[in-house]
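First comes the structure, then the notes that go with it.
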Amino acid sequence: MRRKTTLKLTSSLLALALLGAACGSDDDDPAASGDPTTTEAADSGDDSEGSDEESSDDEAASGTLTTDTGAASLRAGLTSLLNEHVYVAALATGAALRGDTPAFEAFATSLNGPTDSNTSDLVDAITGVYGDEVGEAFEGLWRSEDHIPQFVAYTQAAAADDQAGKDAAVERLTAYAKTVGETLNSVNENLPADAVTGAIEMHASTLLAVIDAQKAGDQPLVYSSLREAYHHMGDTAAALAGGTVAKFPEDFDGAADSSGAELRAGLTSLLAEHVFLASSATGAAIGGRMPQFEAAAAALNGPENSNTSDLVAAVGSVYGDEVGTAFDGLWRSEDHIPAFVAYTQAAAAGDQAGKDAAVERLTAYAKTVGETLNSVNENLPADAVTEAIVMHATTLIEVIDAQAAGDPVAAASALREATHHMGETAAVLASATAAKFPEQFEG
C-alpha cells in the first residue's frame, strides 16, 4: 500500500519496540493499516463489561489514536524532511561563507546527493504515495537548477557583495516557486497553485534571510531567522499532507489536521531542532567560533524564544503548568545540555576521562528522565524512555566526535541519524500523551 511505504518517512519504530508495544504498533494492528473492521467494532455498540474509560484505554492500546494514523505519519514525516531541508541548507551556506569548503561539500551532499540525502528521501516519499512517474517528475523539479543551486548562487553573490547576482538568484527562485505551484496543482487539485507558490516563496525568503545574516556575521540574527525558516516548513508540510490525504483518502486513515497529528508533528519538529541546534553549538565550539556558539546555545536553551522554551510550553499546554515547570527543570538539568558541552570541551582537548565523565552524567540523566516521565504518564515505561534518551545521547555524541575529528562527511551523516531518531521518539511520546488524554486528541 502507498500508506505503508510512506511510513518510511518517520523511520521504523522498531528501535523503540518496547515503548511502541506499550502505546500501540502501527505495523501490527489492523487499525493502523487502515483496516475498517477495527472502526466497525468500535462503533458496534458492544455493551460487554467495561466502562467508557476502559473503552478509551482499549482504543489507545489498539493503535487507533489520532497520533498513529496514516495521515499523522505522513504529516510528521514531511515535517521532518522539510525541516531538515532548511537546516542542512543553512549549514552548507554557513560553511561556504566562512570558506570551509570540505564542510560545504559534505552538507551539500547530505542535502542534495543522489542517495542517502534529504532530497533522495523526499523523492522516495513522494514516489511512495504518487507513484514512479510523479516521483521522477518531482525529483527533476526539486533538483532543478532554479532551486538549490540558486541558494548557492545567492550565497556566492552575497559573499562577493554582488547585488545584481543576488537579484538574479531571487528572480529565478521566484519563477521556480510559480513552477512548483502549477506542477503540484496539476498532480493534485487539492493543492492550489497560488497557495503552493506562496509557500515556496516564503521558504526562499526566510532562507535568504538566514544567508544575509550569515554574511553579516550577525549570529543572533542567523539563529532567529533560521528558527523562522525551519518552523515555516512545518506549515508547508501540514498543507501538503492535508492535500495528499484528500486525494488518497483510501490510503490514509485519519486527518492530517487532527489534534493528534498536530501534536506528533510539533514534537517531531521541536525534538529534531534540539539536535540540530545542539550540534550547531558544539560544531561552533570545536571550531573556535564563540559568537556562533553563544547564539546557537541561546537559540537552543535560552530562557525565552528558544527550542527549550517552546518544548516546555508544548508540555505545559497538555499536562498543565505544574508538570510543565517540572519538565523545564528536568530538560535544563546540568546533566543534559551542559553535559554535552562538557563532552565537547573534553573531545576538543583529547581528554578521554572528561568524555567518560560526561557520558556517565548523560546516562544517569537518561534514567532520571525515564523515571520522571513514567511517573507523569504510565503509558511511558521508564526503561524504554531511558533507552530512547541514551540513544539520543549516543547519536549526538557521534556527531561531536566527528566534529572533533575534523570529518565533516561523518558529521553530516551522523547528524541525519541523530535527528531522524528524534522523529521516532516524538511518535511514541505523542502516542503515549494521546493515550493519557484521549479527550484532547479525538478526531
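Chain lettering (A, B, ...) mirrors the order of the C-alpha cells, residue numbering begins at 1 for each chain separately, and ligand numbering begins at 1 in order of display.
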
Long-range neighbours of stretch 408-420 of chain A as a VMD selection string, 7 Å cut-off, only C-alpha atoms, 5 positions minimum in chain: chain A and resid 102 to 103 106 to 107 110 272 275 392 395 to 396 398 to 399 402 to 403

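Between atom CA of A:Leu122 and atom CA of A:Gly234 the interatomic distance comes to 14.6 Å.
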
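Within the 12 Å cut-off around A:Gln150, using only C-alpha atoms and omitting residues fewer than 4 positions from it on the same chain, the listed residues are Ala89, Thr93, Trp142, Arg143, Ser144, Glu145, Asp146, Tyr154, Thr155, Gln156, Ala157, Ala158, Gly165, Lys166, Asp167, Ala168, Ala169, Val170, Glu171, Arg172, Leu173, Thr174, Ala175, Tyr176, Ala204, Leu207 and Leu208 of chain A.
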
Taking the chain letters and numbering used in this document, name the residues of stretch 136-313 of chain A that DSSP puts in helix (DSSP H, G or I), as number ranges by chain. A: 136-142, 148-159, 163-187, 193-216, 219-247, 259-286, 290-301, 307-313

List every residue of stretch 246-332 of chain A that has an atom at most 12 Å from any atom of stretch 377-383 of chain A, and for each one report the closest atom pair and its distance in Å to one decimal, counting only C-alpha atoms, with rows sorted by chain and then by increasing residue number, as CSV.
residue,atom,partner,partner_atom,distance
A:Val318,CA,A:Asn377,CA,11.8
A:Tyr319,CA,A:Asn377,CA,9.5
A:Val323,CA,A:Asn377,CA,10.8

Please dump the current selection as an mmCIF file, in the first residue's frame; keep C-alpha atoms.
data_model
loop_
_atom_site.group_PDB
_atom_site.id
_atom_site.type_symbol
_atom_site.label_atom_id
_atom_site.label_comp_id
_atom_site.auth_asym_id
_atom_site.auth_seq_id
_atom_site.Cartn_x
_atom_site.Cartn_y
_atom_site.Cartn_z
ATOM 1 C CA VAL A 318 -1.116 19.383 27.555
ATOM 2 C CA TYR A 319 -0.011 18.288 31.034
ATOM 3 C CA VAL A 323 4.233 19.404 35.033
#

List the neighbours of A:Thr197 out to 9 Å using only C-alpha atoms; skip same-chain residues closer than 6 positions along the sequence, and give me the result as a ChimeraX atom specification. /A:174,176-182

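You will find atom CA of A:Met290 at 14.4 Å from atom CA of A:Leu277.
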
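The neighbours of stretch 192-196 of chain A here are the residues that come within 12 Å of it, using only C-alpha atoms and leaving out any residue fewer than 4 positions away in the same chain; they are A:Tyr176, A:Ala177, A:Lys178, A:Thr179, A:Val180, A:Gly181, A:Glu182, A:Thr183, A:Leu184, A:Asn185, A:Ser186, A:Val187, A:Asn188, A:Ile200, A:Glu201, A:Met202, A:His203, A:Met233, A:Asp235, A:Thr236, A:Ala237, A:Ala238, A:Ala239, A:Leu240, A:Gly242, A:Gly243.
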
Would you mind telling me which residue in A:Val390, A:Ile286, A:Ala347, A:Val210 lies nearest to A:Arg361 when using only C-alpha atoms? A:Val390

What's around A:Met391 at 10 Å? Count only C-alpha atoms, leave out sequence neighbours fewer than 3 positions away in its own chain, and write the answer as a compact mmCIF listing (two decimals) with all heavy atoms, in the first residue's frame.
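Final file, part_3.txt:
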# COMPACT_ATOMS: atom_id res chain seq x y z
N ALA A 15 13.10 0.48 16.66
CA ALA A 15 14.20 0.82 17.56
C ALA A 15 13.70 1.07 18.97
O ALA A 15 14.45 1.04 19.93
CB ALA A 15 14.95 2.06 17.05
N LEU A 16 12.40 1.35 19.10
CA LEU A 16 11.79 1.56 20.41
C LEU A 16 10.65 0.56 20.59
O LEU A 16 9.54 0.91 20.98
CB LEU A 16 11.26 3.00 20.54
CG LEU A 16 12.31 4.09 20.55
CD1 LEU A 16 11.63 5.45 20.55
CD2 LEU A 16 13.19 3.96 21.75
N THR A 363 24.12 9.37 31.01
CA THR A 363 23.47 8.08 31.26
C THR A 363 22.58 8.15 32.50
O THR A 363 21.45 7.65 32.51
CB THR A 363 24.53 6.97 31.43
OG1 THR A 363 25.34 6.92 30.25
CG2 THR A 363 23.87 5.61 31.64
N ALA A 366 19.49 10.10 31.64
CA ALA A 366 18.52 9.30 30.88
C ALA A 366 17.64 8.49 31.83
O ALA A 366 16.42 8.39 31.63
CB ALA A 366 19.25 8.37 29.91
N VAL A 385 11.90 4.70 27.95
CA VAL A 385 12.23 6.12 27.82
C VAL A 385 13.73 6.33 28.06
O VAL A 385 14.40 7.07 27.34
CB VAL A 385 11.41 6.97 28.81
CG1 VAL A 385 11.86 8.43 28.75
CG2 VAL A 385 9.92 6.88 28.48
N THR A 386 14.25 5.65 29.08
CA THR A 386 15.69 5.73 29.35
C THR A 386 16.48 5.32 28.13
O THR A 386 17.45 5.99 27.74
CB THR A 386 16.05 4.82 30.54
OG1 THR A 386 15.38 5.29 31.72
CG2 THR A 386 17.56 4.81 30.78
N GLU A 387 16.08 4.23 27.50
CA GLU A 387 16.77 3.75 26.30
C GLU A 387 16.73 4.79 25.18
O GLU A 387 17.72 5.00 24.47
CB GLU A 387 16.15 2.45 25.83
CG GLU A 387 16.81 1.86 24.60
CD GLU A 387 16.12 0.60 24.10
OE1 GLU A 387 15.23 0.09 24.80
OE2 GLU A 387 16.47 0.15 23.00
N ALA A 388 15.58 5.46 25.04
CA ALA A 388 15.45 6.47 23.99
C ALA A 388 16.38 7.65 24.24
O ALA A 388 17.01 8.18 23.31
CB ALA A 388 14.00 6.95 23.90
N THR A 394 23.81 9.04 22.56
CA THR A 394 24.79 8.30 21.77
C THR A 394 24.93 8.86 20.36
O THR A 394 26.03 9.05 19.85
CB THR A 394 24.39 6.81 21.70
OG1 THR A 394 24.34 6.28 23.02
CG2 THR A 394 25.38 6.02 20.87
N THR A 395 23.79 9.13 19.72
CA THR A 395 23.84 9.62 18.33
C THR A 395 24.39 11.04 18.26
O THR A 395 25.12 11.37 17.33
CB THR A 395 22.45 9.54 17.68
OG1 THR A 395 21.49 10.23 18.51
CG2 THR A 395 22.00 8.09 17.50
N LEU A 396 24.07 11.87 19.25
CA LEU A 396 24.60 13.23 19.23
C LEU A 396 26.09 13.23 19.54
O LEU A 396 26.87 14.01 18.97
CB LEU A 396 23.84 14.12 20.22
CG LEU A 396 24.23 15.60 20.26
CD1 LEU A 396 24.25 16.22 18.86
CD2 LEU A 396 23.29 16.38 21.17
N ILE A 397 26.52 12.35 20.42
CA ILE A 397 27.95 12.23 20.72
C ILE A 397 28.74 11.80 19.48
O ILE A 397 29.87 12.24 19.26
CB ILE A 397 28.16 11.25 21.90
CG1 ILE A 397 27.82 11.97 23.22
CG2 ILE A 397 29.58 10.71 21.94
CD1 ILE A 397 27.79 11.06 24.43
N ALA A 418 21.01 11.20 14.00
CA ALA A 418 20.60 11.73 15.31
C ALA A 418 19.25 12.44 15.23
O ALA A 418 18.41 12.30 16.13
CB ALA A 418 21.67 12.68 15.85
N HIS A 421 16.33 9.90 14.54
CA HIS A 421 15.97 9.16 15.75
C HIS A 421 14.94 9.93 16.57
O HIS A 421 14.03 9.34 17.17
CB HIS A 421 17.21 8.90 16.61
CG HIS A 421 16.88 8.53 18.02
ND1 HIS A 421 16.28 7.34 18.37
CD2 HIS A 421 17.02 9.23 19.18
CE1 HIS A 421 16.08 7.31 19.67
NE2 HIS A 421 16.52 8.44 20.18
N MET A 422 15.05 11.24 16.58
CA MET A 422 14.12 12.04 17.37
C MET A 422 12.71 11.99 16.80
O MET A 422 11.73 12.19 17.53
CB MET A 422 14.63 13.48 17.46
CG MET A 422 15.93 13.62 18.22
SD MET A 422 15.88 12.90 19.88
CE MET A 422 15.64 14.37 20.88
N THR A 425 11.24 9.04 18.51
CA THR A 425 10.92 9.38 19.90
C THR A 425 9.65 10.23 19.96
O THR A 425 8.79 10.00 20.82
CB THR A 425 12.10 10.14 20.53
OG1 THR A 425 13.28 9.32 20.46
CG2 THR A 425 11.82 10.48 21.98

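Closest approach to A:Asp100 among A:Thr282, A:Asn190, A:Gly406, A:Glu424 is made by A:Gly406 (distances from only C-alpha atoms).
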
Just checking: using only C-alpha atoms, which residue out of A:Thr433, A:Ser205, A:Thr67, A:Thr325 ends up closest to A:Asp253? A:Thr67

With a distance cut-off of 10 Å and only C-alpha atoms, select the neighbouring residues of stretch 222-230 of chain A, excluding the residue or stretch itself and same-chain residues fewer than 6 positions from it, and output the selection as a count of residues only. 37
